[in-house]
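target.txt (compact mmCIF, C-alpha atoms)
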```
# COMPACT_ATOMS: atom_id res chain seq x y z
CA MET B 1 30.83 -3.73 -3.16
CA ASP B 2 34.46 -4.24 -4.14
CA GLN B 3 37.29 -1.73 -4.27
CA SER B 4 36.90 -1.16 -8.01
CA MET B 5 33.33 0.00 -7.42
CA ASP B 6 34.55 2.31 -4.66
CA LYS B 7 36.99 3.87 -7.13
CA LEU B 8 34.24 4.37 -9.69
CA SER B 9 32.08 6.18 -7.15
CA SER B 10 35.05 8.36 -6.27
CA ASP B 11 35.63 9.15 -9.96
CA ALA B 12 32.00 10.18 -10.40
CA ALA B 13 32.12 12.35 -7.28
CA THR B 14 35.04 14.33 -8.71
CA GLY B 15 33.27 14.89 -11.99
CA ARG B 16 35.03 12.19 -14.02
CA GLN B 17 32.58 10.52 -16.39
CA GLY B 18 32.67 7.48 -18.62
CA ALA B 19 34.31 4.93 -16.32
CA PRO B 20 32.70 1.50 -16.78
CA ALA B 21 31.12 0.02 -13.69
CA ALA B 22 32.67 -3.09 -12.15
CA THR B 23 29.83 -5.23 -13.35
CA GLY B 24 31.23 -7.00 -16.41
CA GLU B 25 29.18 -4.69 -18.67
CA ASP B 26 31.54 -2.20 -20.30
CA THR B 27 28.69 -0.03 -21.55
CA ILE B 28 27.53 0.82 -18.04
CA GLU B 29 28.87 3.78 -16.08
CA SER B 30 28.86 4.42 -12.36
CA ALA B 31 28.01 7.90 -11.10
CA GLU B 32 26.65 9.76 -8.12
CA LEU B 33 24.92 13.01 -7.35
CA LYS B 34 24.00 15.05 -4.31
CA LEU B 35 20.33 15.27 -3.47
CA LYS B 36 18.86 17.52 -0.78
CA ASP B 37 20.11 15.51 2.19
CA HIS B 38 21.78 12.42 0.75
CA LYS B 39 24.16 11.14 -1.87
CA ALA B 40 22.61 8.99 -4.59
CA HIS B 41 24.77 6.45 -6.37
CA TYR B 42 23.50 5.00 -9.65
CA LEU B 43 24.40 3.13 -12.81
CA LYS B 44 23.65 4.57 -16.24
CA ALA B 45 23.78 3.32 -19.82
CA GLY B 46 22.50 4.01 -23.31
CA SER B 47 20.68 6.95 -24.87
CA GLY B 48 17.09 7.69 -25.73
CA PRO B 49 13.88 7.85 -23.65
CA ALA B 50 14.56 7.44 -19.94
CA VAL B 51 13.90 4.21 -18.05
CA VAL B 52 14.60 4.11 -14.29
CA LEU B 53 15.01 0.76 -12.54
CA PHE B 54 14.57 0.37 -8.77
CA HIS B 55 15.88 -2.72 -6.99
CA GLY B 56 14.22 -4.75 -4.24
CA GLY B 57 14.66 -4.66 -0.48
CA ALA B 58 17.46 -7.24 -0.35
CA SER B 59 19.54 -6.11 -3.30
CA ASP B 60 21.12 -3.06 -4.95
CA CYS B 61 21.50 -1.44 -8.35
CA ARG B 62 23.66 -4.27 -9.73
CA ASP B 63 20.51 -6.37 -10.13
CA TRP B 64 19.88 -4.50 -13.37
CA THR B 65 23.19 -4.62 -15.26
CA GLU B 66 22.17 -7.21 -17.85
CA THR B 67 18.78 -5.59 -18.40
CA MET B 68 20.51 -2.24 -18.87
CA ALA B 69 22.89 -3.68 -21.44
CA PHE B 70 19.97 -5.31 -23.28
CA LEU B 71 17.97 -2.07 -23.54
CA SER B 72 20.82 0.42 -23.96
CA HIS B 73 20.61 0.42 -27.77
CA SER B 74 17.45 2.53 -27.69
CA PHE B 75 16.87 3.82 -24.14
CA SER B 76 18.68 5.77 -21.42
CA LEU B 77 18.82 3.45 -18.40
CA TYR B 78 19.28 4.60 -14.80
CA ALA B 79 19.53 2.20 -11.85
CA PRO B 80 19.95 3.98 -8.50
CA ASP B 81 20.89 2.48 -5.18
CA MET B 82 17.88 3.40 -3.05
CA LEU B 83 18.19 5.28 0.23
CA GLY B 84 20.55 3.44 2.60
CA TYR B 85 21.49 0.78 0.02
CA GLY B 86 24.73 0.18 -1.84
CA HIS B 87 26.68 3.42 -2.20
CA SER B 88 23.71 5.74 -1.63
CA THR B 89 24.14 7.31 1.77
CA GLY B 90 21.54 7.01 4.49
CA GLN B 91 21.05 8.85 7.74
CA ASN B 92 20.38 8.06 11.36
CA GLY B 93 17.01 6.35 11.33
CA HIS B 94 13.83 7.33 13.14
CA ASN B 95 13.11 6.23 16.70
CA GLY B 96 16.78 6.09 17.53
CA GLN B 97 17.50 3.25 15.10
CA GLU B 98 20.32 3.28 12.59
CA ASP B 99 19.38 2.81 8.95
CA ALA B 100 15.64 2.58 9.49
CA TYR B 101 13.19 4.26 7.14
CA TYR B 102 9.55 4.78 6.36
CA LEU B 103 8.18 4.10 2.90
CA SER B 104 7.86 7.86 2.49
CA ASP B 105 11.63 8.21 2.99
CA PHE B 106 12.38 5.81 0.14
CA VAL B 107 9.82 7.55 -2.07
CA SER B 108 11.18 11.03 -1.32
CA HIS B 109 14.72 9.91 -2.19
CA ALA B 110 13.49 8.29 -5.43
CA VAL B 111 11.47 11.37 -6.45
CA GLN B 112 14.46 13.62 -5.85
CA PHE B 113 16.55 11.34 -8.04
CA VAL B 114 14.15 11.17 -10.99
CA GLN B 115 13.61 14.93 -10.85
CA THR B 116 17.30 15.40 -11.70
CA LEU B 117 16.89 13.53 -14.99
CA ASP B 118 16.31 15.51 -18.16
CA SER B 119 13.00 13.89 -18.99
CA GLU B 120 9.41 15.07 -18.80
CA SER B 121 7.97 11.55 -18.55
CA LEU B 122 9.72 8.39 -17.41
CA VAL B 123 9.26 4.66 -17.56
CA LEU B 124 9.56 3.37 -13.99
CA VAL B 125 10.48 -0.27 -13.32
CA GLY B 126 10.56 -1.64 -9.79
CA HIS B 127 11.06 -4.96 -8.04
CA SER B 128 9.47 -5.73 -4.64
CA LEU B 129 10.20 -2.68 -2.43
CA GLY B 130 11.34 -0.81 -5.53
CA GLY B 131 8.03 -1.62 -7.19
CA ARG B 132 6.12 -0.18 -4.24
CA VAL B 133 8.20 2.99 -4.45
CA CYS B 134 7.49 3.29 -8.20
CA LEU B 135 3.80 2.67 -7.59
CA GLU B 136 3.66 5.44 -4.99
CA ILE B 137 5.26 7.87 -7.43
CA ALA B 138 2.83 6.90 -10.19
CA LEU B 139 -0.16 7.27 -7.84
CA SER B 140 0.87 10.62 -6.40
CA GLN B 141 2.58 12.20 -9.43
CA PRO B 142 1.19 10.50 -12.56
CA THR B 143 2.46 13.19 -14.93
CA MET B 144 6.02 12.08 -14.15
CA VAL B 145 5.41 8.54 -15.40
CA SER B 146 4.59 7.33 -18.91
CA ARG B 147 4.66 3.59 -18.17
CA LEU B 148 4.98 1.49 -15.03
CA VAL B 149 6.43 -2.00 -14.56
CA LEU B 150 5.87 -3.78 -11.23
CA ILE B 151 7.74 -7.01 -10.42
CA ASP B 152 6.63 -9.16 -7.45
CA THR B 153 5.75 -5.90 -5.78
CA VAL B 154 5.05 -5.12 -2.14
CA GLY B 155 1.58 -3.76 -1.40
CA PHE B 156 -0.78 -6.18 -3.15
CA GLY B 157 -1.06 -8.66 -0.29
CA LYS B 158 0.36 -9.87 3.01
CA LEU B 159 3.90 -11.10 3.44
CA SER B 160 3.59 -14.88 3.63
CA PRO B 161 4.56 -16.88 6.76
CA VAL B 162 7.39 -18.43 4.73
CA GLY B 163 8.62 -14.99 3.71
CA THR B 164 8.45 -13.72 7.28
CA THR B 165 10.46 -16.71 8.49
CA LEU B 166 13.10 -16.40 5.76
CA GLY B 167 13.62 -12.72 6.45
CA ALA B 168 13.83 -13.14 10.23
CA LEU B 169 16.20 -16.09 9.88
CA ALA B 170 18.60 -14.23 7.62
CA TRP B 171 18.62 -11.27 10.02
CA ALA B 172 19.21 -13.54 13.04
CA VAL B 173 22.02 -15.51 11.41
CA ARG B 174 23.90 -12.33 10.52
CA GLY B 175 23.47 -11.17 14.11
CA ILE B 176 24.78 -14.44 15.55
CA LEU B 177 27.78 -14.31 13.22
CA ARG B 178 28.30 -10.65 14.12
CA ARG B 179 28.07 -9.63 10.52
CA PRO B 180 26.71 -6.17 9.70
CA GLN B 181 23.15 -6.04 8.49
CA PRO B 182 23.48 -5.03 4.81
CA TYR B 183 20.02 -3.52 4.41
CA PRO B 184 18.04 -0.92 6.36
CA ARG B 185 15.07 -1.71 8.56
CA PHE B 186 11.57 -0.70 7.48
CA LEU B 187 9.37 1.46 9.68
CA LYS B 188 5.60 1.89 9.61
CA GLU B 189 3.73 5.15 10.01
CA LYS B 190 1.03 5.30 12.70
CA ASP B 191 -1.92 4.97 10.28
CA GLU B 192 -0.09 3.13 7.51
CA GLU B 193 -1.42 -0.17 6.18
CA LYS B 194 0.45 -3.28 7.27
CA ASP B 195 2.71 -4.58 4.48
CA TRP B 196 2.24 -1.17 2.82
CA LYS B 197 -0.94 -2.49 1.20
CA CYS B 198 -2.58 -0.14 -1.29
CA LEU B 199 -5.22 -2.15 -3.19
CA GLU B 200 -7.95 0.43 -2.54
CA ARG B 201 -5.90 3.09 -4.36
CA LEU B 202 -5.18 1.08 -7.49
CA PRO B 203 -8.36 2.09 -9.40
CA THR B 204 -7.02 5.67 -9.43
CA LEU B 205 -3.80 4.67 -11.19
CA LYS B 206 -3.71 6.44 -14.56
CA VAL B 207 -0.52 4.92 -15.98
CA PRO B 208 -0.30 1.92 -18.36
CA THR B 209 1.07 -0.84 -16.14
CA LEU B 210 2.80 -4.18 -16.67
CA ILE B 211 2.75 -6.54 -13.69
CA VAL B 212 5.29 -9.38 -13.74
CA TRP B 213 5.11 -12.15 -11.13
CA ASN B 214 6.58 -15.57 -10.38
CA ARG B 215 3.84 -18.18 -10.25
CA TYR B 216 5.25 -19.46 -6.94
CA ASP B 217 6.61 -16.50 -4.99
CA PRO B 218 7.62 -17.46 -1.41
CA TYR B 219 7.08 -13.91 -0.17
CA TYR B 220 4.01 -12.52 -1.94
CA SER B 221 1.39 -14.75 -3.53
CA VAL B 222 0.43 -14.32 -7.18
CA ARG B 223 -3.13 -13.84 -5.90
CA GLY B 224 -2.18 -10.26 -5.08
CA ALA B 225 -1.06 -9.69 -8.66
CA LEU B 226 -4.37 -11.06 -9.95
CA LYS B 227 -6.25 -8.62 -7.70
CA ALA B 228 -4.08 -5.75 -8.87
CA ARG B 229 -4.71 -6.55 -12.52
CA GLU B 230 -8.45 -6.35 -11.90
CA LEU B 231 -8.21 -3.04 -10.06
CA ILE B 232 -5.75 -1.11 -12.25
CA PRO B 233 -7.64 0.38 -15.22
CA ASP B 234 -4.88 -0.21 -17.80
CA ALA B 235 -2.96 -3.25 -16.54
CA ARG B 236 -1.41 -6.33 -18.11
CA LEU B 237 -0.22 -9.30 -16.05
CA GLU B 238 2.55 -11.72 -17.06
CA VAL B 239 2.99 -14.73 -14.76
CA ILE B 240 6.44 -16.32 -15.07
CA PRO B 241 6.59 -20.10 -14.52
CA GLY B 242 8.61 -21.38 -11.59
CA TYR B 243 9.53 -20.55 -8.00
CA GLY B 244 11.17 -17.40 -6.71
CA HIS B 245 10.83 -13.73 -5.93
CA ALA B 246 13.01 -12.23 -8.68
CA PRO B 247 11.86 -13.23 -12.19
CA HIS B 248 13.87 -10.36 -13.68
CA VAL B 249 17.00 -12.18 -12.50
CA ARG B 250 16.13 -15.88 -12.72
CA LYS B 251 14.28 -15.59 -16.03
CA ARG B 252 16.20 -12.60 -17.31
CA ASP B 253 15.90 -13.24 -21.06
CA LEU B 254 12.14 -13.70 -20.85
CA PHE B 255 11.74 -10.70 -18.59
CA ASN B 256 13.89 -8.47 -20.79
CA SER B 257 11.80 -9.36 -23.83
CA LEU B 258 8.56 -8.63 -21.97
CA LEU B 259 9.94 -5.33 -20.73
CA LEU B 260 11.16 -4.23 -24.16
CA ASN B 261 7.85 -5.10 -25.83
CA PHE B 262 5.92 -3.15 -23.20
CA ILE B 263 7.97 0.04 -23.04
CA ASP B 264 8.70 0.16 -26.78
CA HIS B 265 4.99 0.21 -27.63
CA ARG B 266 4.34 3.63 -29.06
```
Please render this file's structure as structure tokens.
Amino acid sequence: MDQSMDKLSSDAATGRQGAPAATGEDTIESAELKLKDHKAHYLKAGSGPAVVLFHGGASDCRDWTETMAFLSHSFSLYAPDMLGYGHSTGQNGHNGQEDAYYLSDFVSHAVQFVQTLDSESLVLVGHSLGGRVCLEIALSQPTMVSRLVLIDTVGFGKLSPVGTTLGALAWAVRGILRRPQPYPRFLKEKDEEKDWKCLERLPTLKVPTLIVWNRYDPYYSVRGALKARELIPDARLEVIPGYGHAPHVRKRDLFNSLLLNFIDHR
């Protein structure tokens, strides 16, 4: 992030509020708070019922700025940098690695963040890794969540060969160029499912759920989304035409309309 964003984080840390984030959206503020063991940086906007947006595994909170601006007329929007991403601090990883985390680490950080919000029940929105984190919260603590939105989410199927190759190539190129790796590594618990799969748990999900998926996702096939829709008791699936892994970015207007219609249903 640029120097202006660094200044905003510094302002928030000293208790100064109301500074617009360096995102081109003057209604969005940058802030941070101290959790149990880490600092959490986040963007916030609007007022009303709380909606928390979690980014994917190769992004940060800035993914959500336009969506936040779109919804800020009637909702309070919060978009945190997840553990080890953006301006949210990490820690020395497990097994001697730097910036390496289990799924449970990301979930714990996210739960600590949402518990600081003044809301009894939240709408959780997550993309890819962020979607898997939101899903874990909804499965384990359903009373915290009123509605759930999952976008091209990890856990419904295997990472494709194309996705594996793209990820490994990007990591290798940065290593060859001696550029720092911008994102943490993911670790797997001893008995944890590969790709953090969780299909067998979906029938226990008690939260109304919207699944949004690109028809041609190079990382996770839409077949996983179709399975999830069948397994989740109260699920709706919207398949977005085209290729890609981030329909909330590439088809932002369509996604924002779908999101508003879903979470504004009372």
Please tabulate, as JSON lines, the residues of segment 161-243 of chain B that come within 12 Å of segment 76-83 of chain B, each with its closest pair of atoms and the distance in Å to one decimal, counting all atoms listed in the file and ordering rows by chain, then residue number upward.
```
{"residue": "B:Tyr183", "atom": "CA", "partner": "B:Leu83", "partner_atom": "CA", "distance": 9.9}
{"residue": "B:Pro184", "atom": "CA", "partner": "B:Leu83", "partner_atom": "CA", "distance": 8.7}
{"residue": "B:Arg185", "atom": "CA", "partner": "B:Leu83", "partner_atom": "CA", "distance": 11.3}
{"residue": "B:Phe186", "atom": "CA", "partner": "B:Leu83", "partner_atom": "CA", "distance": 11.5}
```
| Restricting the calculation to all atoms listed in the file, which member of B:Tyr101, B:Phe113, B:Trp171, B:Tyr220 is positioned closest to Lys158 of chain B? |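 For Lys158 of chain B, the nearest of the given residues is B:Tyr220.
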| atom CA of Leu122 of chain B to atom CA of His245 of chain B: how many Å, to one decimal? |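 Distance reported for this atom pair: 24.9 Å.
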| task | Find, counting only C-alpha atoms, the residue in B:Ala31, B:Val154, B:Ala58, B:Val125 that gets nearest to Ala45 of chain B. | result | B:Ala31
| said: Could you list, as a list in words, every residue within 8 Å of Ser160 of chain B, counting all atoms listed in the file and ignoring same-chain residues fewer than 5 positions away? | reply: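 Those residues are Pro218, Tyr219, Tyr220 and Ser221 of chain B.
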| said: Here is a test: counting only C-alpha atoms, which residue of B:Leu139, B:Ala172, B:Val239, B:Leu150 is nearest to Leu53 of chain B? | reply: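 Selected residue with least distance to Leu53 of chain B: B:Leu150.
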| request: Find, counting all atoms listed in the file, the residue in B:Asp152, B:Thr27, B:Val212, B:Thr143 that gets nearest to Asn256 of chain B. | output: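 The answer is B:Val212, which sits nearest to Asn256 of chain B.
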| said: Nearest residue to Leu259 of chain B out of B:Glu200, B:Asp99, B:Glu189, B:Glu238, using all atoms listed in the file? | reply: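 That would be B:Glu238, the residue with the smallest distance to Leu259 of chain B.
The shortest atom-to-atom distance to Ser108 of chain B, with only C-alpha atoms taken into account, belongs to B:Asp37 out of B:Asp37, B:Gly86, B:Gly157, B:Pro142.
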| task | Excluding Ser74 of chain B and any residue of its chain fewer than 6 positions from it, enumerate the residues within 12 Å of it, using only C-alpha atoms, and give them as a VMD selection string. | result | chain B and resid 45 to 51 68 260 263 to 264
